[in-house]
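Participant: Okay, here's the structure, questions in a sec.
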2 protein chains.
Amino acid sequence: VDDATLPVLRGPGAGDLFQLLRDRQARTRADLALLTGQARSTVASRVDQLMASGLIVPVGEASSTGGRPALRFAFNPAARKLLAIDLGATHARLAVTDLDATVLAEREGSIDIVDGPDVVLPYLVELAQQLTHSLDAPPGDLVAAGIGLPAPVEQATGRPMMPPIMPGWDGVDVAGPLCEALGVPVVVDNDVNLMALGEHTRAWPETSHLLFVKVATGIGSGIISAGQLSRGAQGAAGDIGHIAVPGSQTPCHCGNIGCLEVNASGRALARRLSALGYPAHDSADVVALVRGGNLEANQVVRQAGREIGGVLAACVSLLNPSLIVIGGALSLAGEHLVAGIREAVYSRSLPLAAQHLRIATSRTGSQAGIFGASALAAAQVLSVEAVDRLIRAG
Amino acid sequence: VDDATLPVLRGPGAGDLFQLLRDRQARTRADLALLTGQARSTVASRVDQLMASGLIVPVGEASSTGGRPALRFAFNPAARKLLAIDLGATHARLAVTDLDATVLAEREGSIDIVDGPDVVLPYLVELAQQLTHSLDAPPGDLVAAGIGLPAPVEQATGRPMMPPIMPGWDGVDVAGPLCEALGVPVVVDNDVNLMALGEHTRAWPETSHLLFVKVATGIGSGIISAGQLSRGAQGAAGDIGHIAVPGSQTPCHCGNIGCLEVNASGRALARRLSALGYPAHDSADVVALVRGGNLEANQVVRQAGREIGGVLAACVSLLNPSLIVIGGALSLAGEHLVAGIREAVYSRSLPLAAQHLRIATSRTGSQAGIFGASALAAAQVLSVEAVDRLIRAG
């Protein structure tokens, strides 16, 4: 281990104190002194620094036990703004959020990802600038951006790696041009990873072991383990679309047979229903048929649920999550999909893992990716070190 | 979040300073002052405290640049001793190690796990006491014990949960009686988790994403993700023995069909070879036949490798490890098993995950579990908080 990689040990500063307040609970200076073991005077000066930065604000007084009631302070998510970008094969969703992923303004554009970075990135910058200008925020108010890509992303560099549906993007620096145009740090991750992060952060913060499954044109997943996103060695963790469905012999474009995606994705179901004579081209058409009460569509979706469940049973054995969240466009088909998934997962999993396992549809829905991109950006600017830097910069 | 669960922030103390030295590199007081940003006088007093505890020792002088050469200090693994226990269905292996998992003395006994805790735990205590007495160490020298059980272990309580091969042990307090008899804290985990931890710590410390697969009477795995053991919500993560092998219709005792264990475990292979008329009752017999050049045994083992590889391909897609380590008794069958595994994993995995994936046999062999139990115990007594307590206790 090189010494340069070891963390420098510091006394607890404003950045550390701030982490205690990120849970949104309001606390007095005395509470904070008790929690930190620091002198009242030290705590008071850190609180002043954080107040000056705007990151914390007074939120009323503690109930008095005689004497002057003490002021209470809490994290102020409105202190700064973040840009969250959810980039898909054919869409770009952008949102400006506060530091707690609450959406303040959003904008959506149509793209074709195969046009490549030279076309798509400038368009993203244009949308982002329109969006931030529309907010009329003071300069310096936007402090970071997070972006999700439909590709494996190498964590160290933030670049898409061998992306199957993004020809022309392999190894491309996505953060660089955006950072230069927007003037803020930009963090990049896989879109389904960010959906998992968004769903975890906003809807299930207390659930430490969660698997988020996106069922849409393709099928992928994002893993929260011990409260953290698991990305794997190359950022490809959760890539379940080409796991073999037990018993399936359907050939897949990847060269293997029986892959989950070729059996149970929105595209596969649309193809199957289209062959039966129904007007189905994508996940939305499949959902529309299901909602219209079409029996064959119901059966096809339920069978897809069973096939997805067959693969998820293996994921349950390996990861032992306490929650599987089903998201993505096809999850709007509602109970038909989830019932099939439950059927296969519970019949195939070992009792210990199945006993405490819950399977639910996404609570954050189409916002999961935006919430996750915002949470990723927030982690970048609200870390101990980032807050210390902010305070030092005055 | 309850305030009681928030960590108290302290200034960096001896415990923090010690973490910097756990990498075994020798450093001067000046190095440590530079690394920590602390005053020389503070560092000097912490170094004195750690020297007095024995946890660090002087290891020679830094090369002089004129003036008096400075003393260098390093972690001293010999400062205390740990007890490591690897409990299987029919064996109990115990070792006393130093703080870096180097084995100083060991002892092995035969048990039958189904005799239950009332028989097995007192016997473990007896073996442990014989072992520690034989070392003639000063009182207080043994500071902690780690034990691996062939069962899912609930992390919060250290109790086996619904253990399939340990009737009579469900929910039993294993740590309590051992702790009382030995007078040291006892930490409990699943045996394959500890094999993964031992292999990671001793053989591949730089590999952050590793899957350790034990192929023996049963089949299980332990997951190292981002350098940490992944245990899952109920401590059952890595439980791959009952994942379905693609294409298999063999019924398993668990009630499902095609489980990995019923196809490819040492027990399954012994049964298959025995049906062909060979003298095979367990993994060791299978390994002996393979080593004796028996062609049918070679084929059976290679086919088991392919079936294990079929399941591991799904694990690779989900976890994206950079290393799969094959351990357990059947791994001694050498290249026949691993060749089958490689064949199936590489043909079935996506290029990005497969490209940087290495598949190797265990380097720590039958010691993996002991190394892991020792590492688990070491983590317990060498944490920042534990070292601070030790120093305060004088």
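Chain labels follow the order of the structure tokens: the first chain is A, the next B, and so on; residue numbering restarts at 1 in every chain, and ligands are counted from 1 in their shown order.
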Up to 6 Å from chain B, what residues of chain A turn up? Count only C-alpha atoms and give them as a list in words.
Facilitator: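 Filtering chain A at 6 Å from chain B with only C-alpha atoms gives Val8, Leu9, Gly11, Leu35, Thr36, His209, Gly232, Ala233, Ala236, Ala237, Gly238, Asp239, Ile240, Ile243, Pro246, Gly247, Ala314, Ser317, Leu318, Leu319, Asn320, Pro321 and Ser322 of chain A.
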Participant: In Å to one decimal, how far is atom CA of Arg302 of chain B from atom CA of His336 of chain B?
Facilitator: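 Distance reported for this atom pair: 5.1 Å.
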Participant: One number please: atom CA of Ala92 of chain B to atom CA of Ile219 of chain B, in Å, one decimal.
Facilitator: 19.1 Å
Participant: Taking only segment 17-263 of chain A into account, list the residues labelled strand (DSSP E or B) by DSSP (computed from the backbone), as a PyMOL selection string.
Facilitator: chain A and resi 27-28+56-61+71-75+81-87+91-97+103-110+142-149+153-154+159-160+186-190+210-215+219-225+228-230+244+251+257+259
Participant: May I ask for the distance between atom CA of Ala378 of chain B and atom CA of Asp141 of chain B, given in Å to one decimal place?
Facilitator: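 Distance reported for this atom pair: 13.2 Å.
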Participant: Within 9 Å of Gln49 of chain B, counting only C-alpha atoms, which residues show up once you throw out same-chain ones fewer than 4 positions away? Write them as a JSON list (two decimals) with C-alpha atoms, in the first residue's frame, please.
Facilitator:
[["chain", "number", "residue", "atom", "x", "y", "z"],
["B", 14, "ALA", "CA", -3.82, 5.44, 19.26],
["B", 44, "ALA", "CA", 5.23, 10.44, 19.96],
["B", 45, "SER", "CA", 2.87, 9.84, 22.86],
["B", 53, "SER", "CA", 0.87, -2.45, 24.54],
["B", 54, "GLY", "CA", 3.29, -4.44, 22.38],
["B", 391, "ILE", "CA", -4.67, 1.45, 25.53],
["B", 394, "GLY", "CA", -3.27, 0.31, 30.27]]
Participant: Step one, run DSSP on the backbone; step two, keep only residues of segment 192-281 of chain B assigned to helix (DSSP H, G or I); then write them as a PyMOL selection string.
Facilitator: chain B and resi 192-203+240-242+260-264+266-275
Participant: Can those selected residues be exported to a file as an mmCIF file, in the first residue's frame so that it contains N, CA and C atoms?
Facilitator:
data_model
loop_
_atom_site.group_PDB
_atom_site.id
_atom_site.type_symbol
_atom_site.label_atom_id
_atom_site.label_comp_id
_atom_site.auth_asym_id
_atom_site.auth_seq_id
_atom_site.Cartn_x
_atom_site.Cartn_y
_atom_site.Cartn_z
ATOM 1 N N VAL B 192 -17.949 -21.185 4.955
ATOM 2 C CA VAL B 192 -17.482 -20.802 3.617
ATOM 3 C C VAL B 192 -17.192 -19.300 3.560
ATOM 4 N N ASN B 193 -17.971 -18.498 4.300
ATOM 5 C CA ASN B 193 -17.635 -17.078 4.416
ATOM 6 C C ASN B 193 -16.210 -16.919 4.939
ATOM 7 N N LEU B 194 -15.878 -17.707 5.962
ATOM 8 C CA LEU B 194 -14.544 -17.579 6.548
ATOM 9 C C LEU B 194 -13.457 -18.108 5.604
ATOM 10 N N MET B 195 -13.773 -19.138 4.812
ATOM 11 C CA MET B 195 -12.804 -19.602 3.814
ATOM 12 C C MET B 195 -12.540 -18.482 2.799
ATOM 13 N N ALA B 196 -13.608 -17.792 2.381
ATOM 14 C CA ALA B 196 -13.441 -16.666 1.448
ATOM 15 C C ALA B 196 -12.589 -15.577 2.085
ATOM 16 N N LEU B 197 -12.875 -15.272 3.346
ATOM 17 C CA LEU B 197 -12.118 -14.235 4.046
ATOM 18 C C LEU B 197 -10.649 -14.635 4.200
ATOM 19 N N GLY B 198 -10.420 -15.916 4.555
ATOM 20 C CA GLY B 198 -9.053 -16.405 4.725
ATOM 21 C C GLY B 198 -8.277 -16.372 3.419
ATOM 22 N N GLU B 199 -8.892 -16.851 2.353
ATOM 23 C CA GLU B 199 -8.228 -16.853 1.041
ATOM 24 C C GLU B 199 -7.932 -15.416 0.590
ATOM 25 N N HIS B 200 -8.921 -14.522 0.796
ATOM 26 C CA HIS B 200 -8.738 -13.125 0.415
ATOM 27 C C HIS B 200 -7.597 -12.482 1.215
ATOM 28 N N THR B 201 -7.651 -12.639 2.534
ATOM 29 C CA THR B 201 -6.687 -11.965 3.410
ATOM 30 C C THR B 201 -5.266 -12.467 3.171
ATOM 31 N N ARG B 202 -5.129 -13.803 3.063
ATOM 32 C CA ARG B 202 -3.780 -14.363 2.995
ATOM 33 C C ARG B 202 -3.219 -14.437 1.591
ATOM 34 N N ALA B 203 -4.078 -14.654 0.584
ATOM 35 C CA ALA B 203 -3.543 -14.960 -0.744
ATOM 36 C C ALA B 203 -3.793 -13.865 -1.785
ATOM 37 N N ILE B 240 -25.050 -21.256 -2.912
ATOM 38 C CA ILE B 240 -25.323 -21.590 -4.313
ATOM 39 C C ILE B 240 -25.648 -23.073 -4.556
ATOM 40 N N GLY B 241 -25.631 -23.878 -3.513
ATOM 41 C CA GLY B 241 -25.786 -25.328 -3.684
ATOM 42 C C GLY B 241 -27.119 -25.755 -4.270
ATOM 43 N N HIS B 242 -28.142 -24.898 -4.133
ATOM 44 C CA HIS B 242 -29.455 -25.287 -4.645
ATOM 45 C C HIS B 242 -29.933 -24.396 -5.787
ATOM 46 N N LEU B 260 -27.607 -27.696 -7.993
ATOM 47 C CA LEU B 260 -26.182 -27.876 -8.235
ATOM 48 C C LEU B 260 -25.618 -29.002 -7.369
ATOM 49 N N GLU B 261 -25.987 -29.026 -6.091
ATOM 50 C CA GLU B 261 -25.407 -29.990 -5.163
ATOM 51 C C GLU B 261 -25.731 -31.432 -5.510
ATOM 52 N N VAL B 262 -26.962 -31.661 -5.989
ATOM 53 C CA VAL B 262 -27.352 -33.044 -6.265
ATOM 54 C C VAL B 262 -26.668 -33.545 -7.538
ATOM 55 N N ASN B 263 -26.139 -32.602 -8.342
ATOM 56 C CA ASN B 263 -25.445 -32.983 -9.569
ATOM 57 C C ASN B 263 -23.928 -33.045 -9.414
ATOM 58 N N ALA B 264 -23.353 -32.117 -8.688
ATOM 59 C CA ALA B 264 -21.911 -31.899 -8.840
ATOM 60 C C ALA B 264 -21.126 -31.884 -7.540
ATOM 61 N N GLY B 266 -19.244 -33.489 -4.125
ATOM 62 C CA GLY B 266 -18.428 -34.678 -3.895
ATOM 63 C C GLY B 266 -19.294 -35.884 -3.618
ATOM 64 N N ARG B 267 -20.349 -35.681 -2.846
ATOM 65 C CA ARG B 267 -21.260 -36.796 -2.534
ATOM 66 C C ARG B 267 -21.917 -37.331 -3.811
ATOM 67 N N ALA B 268 -22.382 -36.396 -4.678
ATOM 68 C CA ALA B 268 -23.052 -36.811 -5.921
ATOM 69 C C ALA B 268 -22.086 -37.579 -6.822
ATOM 70 N N LEU B 269 -20.849 -37.123 -6.917
ATOM 71 C CA LEU B 269 -19.883 -37.789 -7.794
ATOM 72 C C LEU B 269 -19.503 -39.162 -7.242
ATOM 73 N N ALA B 270 -19.353 -39.232 -5.914
ATOM 74 C CA ALA B 270 -19.037 -40.524 -5.307
ATOM 75 C C ALA B 270 -20.160 -41.519 -5.595
ATOM 76 N N ARG B 271 -21.398 -41.047 -5.493
ATOM 77 C CA ARG B 271 -22.551 -41.905 -5.761
ATOM 78 C C ARG B 271 -22.517 -42.398 -7.206
ATOM 79 N N ARG B 272 -22.203 -41.473 -8.123
ATOM 80 C CA ARG B 272 -22.189 -41.850 -9.541
ATOM 81 C C ARG B 272 -21.089 -42.878 -9.823
ATOM 82 N N LEU B 273 -19.912 -42.648 -9.257
ATOM 83 C CA LEU B 273 -18.797 -43.572 -9.493
ATOM 84 C C LEU B 273 -19.039 -44.912 -8.806
ATOM 85 N N SER B 274 -19.669 -44.838 -7.648
ATOM 86 C CA SER B 274 -19.999 -46.062 -6.931
ATOM 87 C C SER B 274 -20.975 -46.912 -7.749
ATOM 88 N N ALA B 275 -21.934 -46.255 -8.411
ATOM 89 C CA ALA B 275 -22.898 -46.961 -9.260
ATOM 90 C C ALA B 275 -22.192 -47.606 -10.456
#
Participant: What's the 10 Å shell around segment 363-374 of chain A, counting only C-alpha atoms, without same-chain residues fewer than 2 positions away, as a count of residues only?
Facilitator: 57
